[in-house]
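Participant: Structure supplied as query.tsv; contents: TSV, C-alpha atoms and all ligand atoms.
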chain	number	residue	atom	x	y	z
U	1	MET	CA	-12.48	-1.23	-29.96
U	2	ASP	CA	-10.51	1.80	-31.14
U	3	LEU	CA	-8.83	4.05	-28.64
U	4	ILE	CA	-10.95	6.84	-27.16
U	5	LEU	CA	-9.35	10.25	-26.74
U	6	ALA	CA	-10.82	12.05	-23.74
U	7	ARG	CA	-9.92	15.75	-23.79
U	8	ASN	CA	-11.84	16.71	-20.67
U	9	ARG	CA	-13.63	15.23	-17.68
U	10	THR	CA	-16.99	14.89	-19.51
U	11	ASP	CA	-15.35	12.80	-22.27
U	12	LEU	CA	-13.62	10.76	-19.59
U	13	ILE	CA	-16.84	9.90	-17.75
U	14	LYS	CA	-18.42	8.80	-21.05
U	15	ALA	CA	-15.42	6.60	-21.88
U	16	ARG	CA	-15.41	4.69	-18.61
U	17	GLY	CA	-16.43	1.03	-19.02
U	18	GLY	CA	-18.04	-1.26	-16.48
U	19	GLY	CA	-15.15	-3.58	-15.57
U	20	THR	CA	-11.92	-3.06	-13.64
U	21	LEU	CA	-9.75	-0.15	-14.65
U	22	ALA	CA	-6.00	0.46	-14.54
U	23	LEU	CA	-4.50	3.95	-14.82
U	24	VAL	CA	-1.02	4.79	-16.09
U	25	PRO	CA	-0.27	8.47	-15.40
U	26	THR	CA	2.36	10.01	-17.72
U	27	MET	CA	3.59	13.37	-18.95
U	28	GLY	CA	3.74	12.05	-22.53
U	29	ALA	CA	6.84	11.76	-24.75
U	30	LEU	CA	6.20	8.05	-24.33
U	31	HIS	CA	9.05	5.53	-24.57
U	32	GLU	CA	9.60	1.83	-23.85
U	33	GLY	CA	9.47	2.50	-20.09
U	34	HIS	CA	5.95	3.88	-20.38
U	35	ARG	CA	5.00	1.02	-22.68
U	36	SER	CA	6.12	-1.51	-20.07
U	37	LEU	CA	3.80	0.16	-17.54
U	38	ILE	CA	0.93	0.00	-20.04
U	39	ARG	CA	1.53	-3.73	-20.59
U	40	LEU	CA	1.51	-4.33	-16.85
U	41	ALA	CA	-1.74	-2.35	-16.59
U	42	ARG	CA	-3.25	-4.47	-19.38
U	43	ASP	CA	-2.54	-7.63	-17.38
U	44	ARG	CA	-4.18	-6.16	-14.30
U	45	ALA	CA	-7.51	-4.78	-15.50
U	46	ASP	CA	-10.23	-4.90	-18.17
U	47	GLN	CA	-9.73	-1.30	-19.26
U	48	VAL	CA	-6.53	0.77	-19.43
U	49	VAL	CA	-6.50	4.56	-19.20
U	50	VAL	CA	-3.26	6.42	-19.93
U	51	SER	CA	-3.19	10.05	-18.87
U	52	VAL	CA	-0.95	12.43	-20.79
U	53	PHE	CA	-0.58	15.68	-18.88
U	54	VAL	CA	2.45	17.87	-18.33
U	55	ASN	CA	1.57	19.05	-14.86
U	56	PRO	CA	2.62	22.68	-14.35
U	57	LEU	CA	2.32	22.31	-10.55
U	58	GLN	CA	5.26	19.93	-10.26
U	59	PHE	CA	7.77	22.13	-12.12
U	60	GLY	CA	9.69	24.79	-10.23
U	61	PRO	CA	10.69	28.20	-11.58
U	62	GLY	CA	13.62	27.76	-13.97
U	63	GLU	CA	12.76	24.08	-14.62
U	64	ASP	CA	11.86	22.71	-18.04
U	65	TYR	CA	8.03	23.00	-18.04
U	66	SER	CA	7.79	25.08	-21.22
U	67	ARG	CA	10.37	23.06	-23.15
U	68	TYR	CA	9.32	19.62	-21.81
U	69	PRO	CA	8.98	17.36	-24.90
U	70	ARG	CA	5.43	17.22	-26.23
U	71	THR	CA	4.92	14.49	-28.85
U	72	PHE	CA	1.19	13.95	-28.67
U	73	ASP	CA	0.60	12.31	-32.08
U	74	ALA	CA	3.36	9.77	-31.47
U	75	ASP	CA	2.01	9.17	-27.95
U	76	LEU	CA	-1.45	8.41	-29.33
U	77	ALA	CA	0.07	6.01	-31.88
U	78	ALA	CA	2.07	4.25	-29.12
U	79	CYS	CA	-1.08	3.91	-26.98
U	80	ARG	CA	-2.99	2.52	-29.94
U	81	GLU	CA	-0.22	-0.02	-30.57
U	82	GLU	CA	-0.28	-1.08	-26.93
U	83	GLY	CA	-4.05	-1.61	-26.92
U	84	VAL	CA	-4.83	1.29	-24.56
U	85	ASP	CA	-8.57	1.91	-24.24
U	86	VAL	CA	-8.63	5.57	-23.26
U	87	VAL	CA	-6.08	8.40	-23.43
U	88	PHE	CA	-7.00	11.18	-21.02
U	89	ALA	CA	-5.25	14.35	-22.15
U	90	PRO	CA	-6.81	17.40	-20.51
U	91	ALA	CA	-5.65	20.98	-20.99
U	92	ALA	CA	-4.07	22.61	-17.92
U	93	GLY	CA	-7.10	24.93	-17.71
U	94	ASP	CA	-9.36	21.87	-17.54
U	95	MET	CA	-7.46	20.32	-14.66
U	96	TYR	CA	-7.11	23.34	-12.39
U	97	LEU	CA	-9.77	25.84	-11.46
U	98	PRO	CA	-8.47	29.40	-11.75
U	99	ASP	CA	-9.35	30.05	-8.09
U	100	ARG	CA	-8.07	26.74	-6.72
U	101	GLN	CA	-6.90	26.77	-3.11
U	102	VAL	CA	-6.48	23.25	-1.77
U	103	SER	CA	-3.60	20.92	-2.63
U	104	VAL	CA	-1.80	17.89	-1.25
U	105	CYS	CA	1.13	18.49	1.11
U	106	ALA	CA	3.82	15.84	0.75
U	107	GLY	CA	5.08	16.39	4.31
U	108	GLU	CA	8.66	16.00	5.50
U	109	MET	CA	9.29	13.14	3.06
U	110	GLY	CA	8.54	15.56	0.25
U	111	ARG	CA	11.30	17.90	1.38
U	112	ILE	CA	14.21	15.45	1.43
U	113	VAL	CA	16.44	13.97	-1.30
U	114	GLU	CA	14.72	14.85	-4.63
U	115	GLY	CA	12.36	17.14	-2.73
U	116	ALA	CA	15.30	19.12	-1.33
U	117	SER	CA	16.49	19.84	-4.87
U	118	ARG	CA	13.00	20.52	-6.24
U	119	PRO	CA	10.98	22.42	-3.59
U	120	GLY	CA	7.25	21.93	-4.10
U	121	HIS	CA	7.73	19.19	-6.69
U	122	PHE	CA	6.17	16.39	-4.66
U	123	ASP	CA	3.25	18.57	-3.49
U	124	GLY	CA	2.46	19.30	-7.16
U	125	MET	CA	2.95	15.69	-8.22
U	126	LEU	CA	0.72	14.27	-5.44
U	127	THR	CA	-1.94	16.89	-6.13
U	128	VAL	CA	-2.24	15.90	-9.77
U	129	VAL	CA	-2.07	12.17	-9.00
U	130	LEU	CA	-4.87	12.47	-6.43
U	131	LYS	CA	-6.94	14.48	-8.94
U	132	LEU	CA	-6.32	11.80	-11.58
U	133	PHE	CA	-7.37	9.10	-9.10
U	134	ASN	CA	-10.58	11.03	-8.35
U	135	LEU	CA	-11.34	11.67	-12.02
U	136	VAL	CA	-10.49	8.23	-13.42
U	137	ARG	CA	-11.36	6.17	-10.31
U	138	PRO	CA	-8.97	3.33	-11.17
U	139	ASP	CA	-8.82	0.02	-9.32
U	140	VAL	CA	-5.07	-0.17	-10.04
U	141	ALA	CA	-2.49	2.52	-10.84
U	142	VAL	CA	0.93	1.70	-12.28
U	143	PHE	CA	4.06	3.79	-11.61
U	144	GLY	CA	7.72	3.26	-12.47
U	145	GLN	CA	10.45	2.46	-9.98
U	146	LYS	CA	12.52	4.86	-12.12
U	147	ASP	CA	11.00	7.66	-10.01
U	148	ALA	CA	11.52	5.77	-6.77
U	149	GLN	CA	10.72	8.58	-4.34
U	150	GLN	CA	7.62	9.46	-6.34
U	151	LEU	CA	6.44	5.84	-6.09
U	152	SER	CA	7.08	5.80	-2.31
U	153	MET	CA	5.31	9.13	-1.85
U	154	ILE	CA	2.27	7.87	-3.78
U	155	ARG	CA	2.15	4.73	-1.61
U	156	ARG	CA	2.40	7.03	1.44
U	157	MET	CA	-0.45	9.26	0.19
U	158	VAL	CA	-2.66	6.24	-0.55
U	159	ALA	CA	-2.04	4.89	2.96
U	160	ASP	CA	-2.31	8.24	4.77
U	161	LEU	CA	-5.43	9.45	2.93
U	162	ASP	CA	-7.14	6.04	2.52
U	163	VAL	CA	-7.27	6.35	-1.26
U	164	PRO	CA	-9.07	3.27	-2.64
U	165	VAL	CA	-6.54	2.24	-5.30
U	166	GLU	CA	-3.91	-0.48	-5.57
U	167	VAL	CA	-0.51	0.98	-6.43
U	168	VAL	CA	1.72	-1.22	-8.58
U	169	GLY	CA	5.43	-0.48	-9.08
U	170	ALA	CA	7.13	-1.43	-12.35
U	171	PRO	CA	10.86	-2.07	-12.90
U	172	THR	CA	13.03	0.51	-14.67
U	173	VAL	CA	13.52	-0.08	-18.38
U	174	ARG	CA	17.07	0.67	-19.57
U	175	GLU	CA	18.94	0.98	-22.85
U	176	PRO	CA	21.28	-1.97	-23.52
U	177	ASP	CA	24.21	0.16	-22.22
U	178	GLY	CA	22.45	0.82	-18.91
U	179	LEU	CA	21.02	4.33	-19.41
U	180	ALA	CA	17.56	4.48	-17.83
U	181	LEU	CA	14.95	5.52	-20.39
U	182	SER	CA	13.62	9.00	-19.76
U	183	SER	CA	11.68	11.54	-21.78
U	184	ARG	CA	14.50	13.96	-20.94
U	185	ASN	CA	17.17	11.78	-22.62
U	186	ARG	CA	16.24	13.42	-25.92
U	187	TYR	CA	17.79	16.67	-24.62
U	188	LEU	CA	21.23	14.96	-24.48
U	189	SER	CA	23.85	15.33	-27.22
U	190	ALA	CA	25.78	12.17	-28.15
U	191	GLY	CA	28.67	13.31	-25.93
U	192	GLU	CA	26.39	14.11	-22.99
U	193	ARG	CA	24.71	10.75	-23.37
U	194	ARG	CA	28.10	9.04	-22.95
U	195	VAL	CA	28.76	11.12	-19.82
U	196	ALA	CA	25.30	10.21	-18.47
U	197	LEU	CA	26.23	6.53	-18.51
U	198	ALA	CA	28.26	7.16	-15.34
U	199	LEU	CA	24.99	7.27	-13.40
U	200	SER	CA	23.93	3.68	-14.10
U	201	ARG	CA	27.57	2.55	-13.87
U	202	ALA	CA	27.81	4.05	-10.39
U	203	LEU	CA	24.58	2.38	-9.31
U	204	ARG	CA	25.72	-1.00	-10.61
U	205	ALA	CA	29.06	-0.62	-8.82
U	206	GLY	CA	27.31	0.20	-5.55
U	207	ALA	CA	24.67	-2.49	-5.90
U	208	GLY	CA	27.26	-5.29	-5.66
U	209	GLU	CA	28.51	-4.24	-2.20
U	210	PRO	CA	27.35	-5.71	1.11
U	211	THR	CA	27.23	-2.72	3.51
U	212	PRO	CA	25.92	0.88	3.28
U	213	ALA	CA	29.42	2.36	3.63
U	214	ARG	CA	30.80	0.16	0.87
U	215	VAL	CA	27.81	0.75	-1.42
U	216	ARG	CA	28.29	4.52	-1.10
U	217	ALA	CA	32.06	4.30	-1.54
U	218	ALA	CA	31.86	2.14	-4.69
U	219	ALA	CA	29.22	4.34	-6.33
U	220	SER	CA	30.99	7.60	-5.32
U	221	LYS	CA	34.26	6.37	-6.82
U	222	VAL	CA	32.64	5.91	-10.25
U	223	LEU	CA	31.03	9.35	-10.08
U	224	ALA	CA	34.29	10.99	-8.95
U	225	GLU	CA	35.98	9.56	-12.05
U	226	ALA	CA	33.23	10.83	-14.39
U	227	PRO	CA	33.99	13.72	-16.80
U	228	PRO	CA	33.48	17.24	-15.37
U	229	GLU	CA	30.35	17.72	-17.54
U	230	LEU	CA	28.59	15.57	-14.95
U	231	GLU	CA	27.53	17.80	-12.07
U	232	LEU	CA	26.41	15.59	-9.18
U	233	ASP	CA	23.38	16.74	-7.21
U	234	TYR	CA	23.10	13.83	-4.76
U	235	LEU	CA	23.99	10.21	-4.23
U	236	VAL	CA	22.06	8.63	-1.36
U	237	LEU	CA	21.32	5.21	0.04
U	238	VAL	CA	17.89	5.32	1.62
U	239	ASP	CA	15.13	3.27	3.20
U	240	PRO	CA	12.67	2.57	0.33
U	241	ALA	CA	9.62	3.46	2.43
U	242	THR	CA	10.82	6.70	4.06
U	243	PHE	CA	13.72	7.89	1.89
U	244	THR	CA	15.81	8.55	5.00
U	245	GLU	CA	19.48	7.56	4.80
U	246	VAL	CA	20.43	4.09	6.04
U	247	SER	CA	23.64	3.47	7.93
U	248	ASP	CA	25.77	0.50	9.01
U	249	PRO	CA	24.76	-2.03	10.18
U	250	TYR	CA	21.75	-2.47	7.85
U	251	GLU	CA	19.99	-5.51	6.57
U	252	GLY	CA	17.34	-5.60	3.86
U	253	GLU	CA	16.47	-3.52	0.82
U	254	ALA	CA	17.65	0.03	0.31
U	255	VAL	CA	17.43	2.40	-2.65
U	256	LEU	CA	20.64	3.79	-4.07
U	257	ALA	CA	19.50	6.99	-5.78
U	258	VAL	CA	21.44	9.50	-7.83
U	259	ALA	CA	20.68	12.84	-9.46
U	260	ALA	CA	23.01	14.86	-11.65
U	261	LYS	CA	23.04	17.50	-14.33
U	262	VAL	CA	24.67	16.62	-17.60
U	263	GLY	CA	24.97	19.88	-19.50
U	264	ALA	CA	21.56	21.54	-19.09
U	265	THR	CA	19.71	18.26	-18.48
U	266	ARG	CA	18.90	16.98	-15.01
U	267	LEU	CA	18.75	13.18	-14.78
U	268	ILE	CA	17.76	10.85	-11.96
U	269	ASP	CA	18.25	7.11	-11.58
U	270	ASN	CA	18.21	4.50	-8.82
U	271	MET	CA	18.67	0.84	-8.05
U	272	VAL	CA	17.33	-1.37	-5.30
U	273	VAL	CA	20.23	-2.79	-3.28
U	274	ARG	CA	19.97	-5.86	-1.05
U	275	LEU	CA	22.17	-5.52	2.02
U	276	GLY	CA	23.27	-7.90	4.72
U	277	ARG	CA	22.85	-11.62	4.49
A	301	LIG	P1	6.76	10.57	-16.76
A	301	LIG	O1	6.06	10.63	-18.08
A	301	LIG	O2	8.23	10.79	-16.86
A	301	LIG	O3	6.09	11.39	-15.69
A	301	LIG	O4	6.63	9.07	-16.29
A	301	LIG	C1	5.39	8.42	-16.23
A	301	LIG	C2	5.57	7.10	-15.55
A	301	LIG	O5	6.52	6.30	-16.29
A	301	LIG	C3	6.14	7.22	-14.14
A	301	LIG	O6	5.48	6.29	-13.30
A	301	LIG	C4	7.59	6.89	-14.33
A	301	LIG	O7	8.19	6.37	-13.16
A	301	LIG	C5	7.51	5.83	-15.42
A	301	LIG	N1	8.80	5.70	-16.11
A	301	LIG	C6	9.58	6.70	-16.60
A	301	LIG	N2	10.72	6.20	-17.10
A	301	LIG	C7	10.67	4.85	-16.92
A	301	LIG	C8	11.56	3.76	-17.22
A	301	LIG	N3	12.73	3.97	-17.80
A	301	LIG	N4	11.17	2.51	-16.88
A	301	LIG	C9	9.97	2.29	-16.27
A	301	LIG	N5	9.09	3.27	-15.97
A	301	LIG	C10	9.43	4.53	-16.29
Spell out the structure here as structure tokens.
Facilitator:
Amino acid sequence: MDLILARNRTDLIKARGGGTLALVPTMGALHEGHRSLIRLARDRADQVVVSVFVNPLQFGPGEDYSRYPRTFDADLAACREEGVDVVFAPAAGDMYLPDRQVSVCAGEMGRIVEGASRPGHFDGMLTVVLKLFNLVRPDVAVFGQKDAQQLSMIRRMVADLDVPVEVVGAPTVREPDGLALSSRNRYLSAGERRVALALSRALRAGAGEPTPARVRAAASKVLAEAPPELELDYLVLVDPATFTEVSDPYEGEAVLAVAAKVGATRLIDNMVVRLGR
């Protein structure tokens, strides 16, 4: 069956089939990373819905909401190629009532690490994700490990608010040279792109080390040697479930996460590190 484009909630209700449903929420400007999520969703359910919505609530003042890449025709073509059943692409006015009051509060975890740099971001993100869950009513929802804190916060919301959905995390898709795919990579000049490679290099350097102190030291060294166009925001090694910093001695998985500005573009990346034995 050809792809159905649902522009509003009425279209969406009509498009919903009878079997199991997997949702892949996106902000569009789709790339191979998004496609990998769609393929995972395909394997997990009878029907796949991809939402394409640049959510104004999760952008702060001075962030890139108005210039965020919007490539809707190419996104539709990509979804068609990947065998997506429904693309849900509402207008902002369709998602949010003009007199809306109630939203999701991400709690303390929403104010640390990425949340410290982007106040309100996780509240806005969780609010739209919960709305998408309520509108689409998926059995499964697929999110990328690329946005590791986002994935943890969604798992937290689902547990804390008893949301009846299974959350599936998908590995980060990278360019052959290590750069994590991101819709924002298209902002980078060729020179900035080379500078941005320091992020994944730092993560790889840290990921080979056995203790928190050595992971941080190895990753920091790479970032310290990066060209001055790279402006580091944070480098942290955190518990994957809480995003609080881990310290020596530590055994198990941790997330080494980095954020930096390269020119005018803010990039984030992370790797899961296995520590101890
Ligand atoms: P976005 O459109 O940037 O909001 O991302 C939509 C979904 O795609 C999120 O769950 C992201 O974590 C995921 N995603 C973004 N980049 C990648 C990537 N390089 N590899 C895997 N998933 C990704």
Participant: What's around Val104 in chain U at 9 Å? Count all atoms listed in the file, leave out sequence neighbours fewer than 2 positions away in its own chain, and write the answer as a PyMOL selection string.
Facilitator: chain U and resi 102+106-107+122-128+130+157
Participant: Residues near Ser182 in chain U, anyone? I mean within 12 Å using all atoms listed in the file, not counting same-chain ones fewer than 3 positions away, as number ranges by chain.
Facilitator: U: 26-34, 68-69, 144, 146-147, 172-175, 179, 185-188, 193, 196, 265-269
Participant: Please provide the set of residues having any atom within 10 Å of Ala15 in chain U, restricted to only C-alpha atoms, with same-chain residues fewer than 6 positions apart removed, written as a list in words.
Facilitator: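 Here the answer would be Leu3, Ile4, Leu5, Ala6, Arg9, Val49, Asp85, Val86, Val87, Phe88 and Val136 of chain U.
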Participant: Emit as lines of an AutoDock Vina configuration file the padded axis-aligned box for all listed atoms of range 249-259 of chain U, 4 Å per side, with centre and edge lengths in Å to one decimal.
Facilitator:
center_x = 20.6
center_y = 3.6
center_z = 0.4
size_x = 16.3
size_y = 26.4
size_z = 27.6
Participant: Using CA of Gly191 in chain U and atom C10 of ligand LIG 301 (chain A) as the two end points, give the distance in Å to one decimal.
Facilitator: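 Between these atoms lies a distance of 23.2 Å.
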Participant: With only C-alpha atoms as the counted atoms, please give the residues lying no more than 10 Å from Asn8 in chain U, apart from itself and same-chain residues fewer than 5 positions off, as a list in words.
Facilitator: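 Once the adjacent positions are removed, what remains is Ile13, Phe88, Ala89, Pro90, Ala91, Gly93, Asp94 and Met95 of chain U.
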Participant: Can you measure CA of Ser220 in chain U to atom O2 of ligand LIG 301 (chain A) for me? One decimal in Å is fine.
Facilitator: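 One can read the CA of Ser220 in chain U to atom O2 of ligand LIG 301 (chain A) distance as 25.7 Å.
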Participant: Calculated over only C-alpha atoms and all ligand atoms, which of the candidates U:Val238, U:Val48, U:Leu37, U:Ile112 has the smallest distance to ligand LIG 301 (chain A)?
Facilitator: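 Going through U:Val238, U:Val48, U:Leu37, U:Ile112 one by one, the smallest distance to ligand LIG 301 (chain A) is for U:Leu37.
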Participant: With all atoms listed in the file as the basis for distance, which of U:Ala116, U:Ala77, U:Leu97, U:Ala226 is at the shortest distance from Gln149 in chain U?
Facilitator: U:Ala116
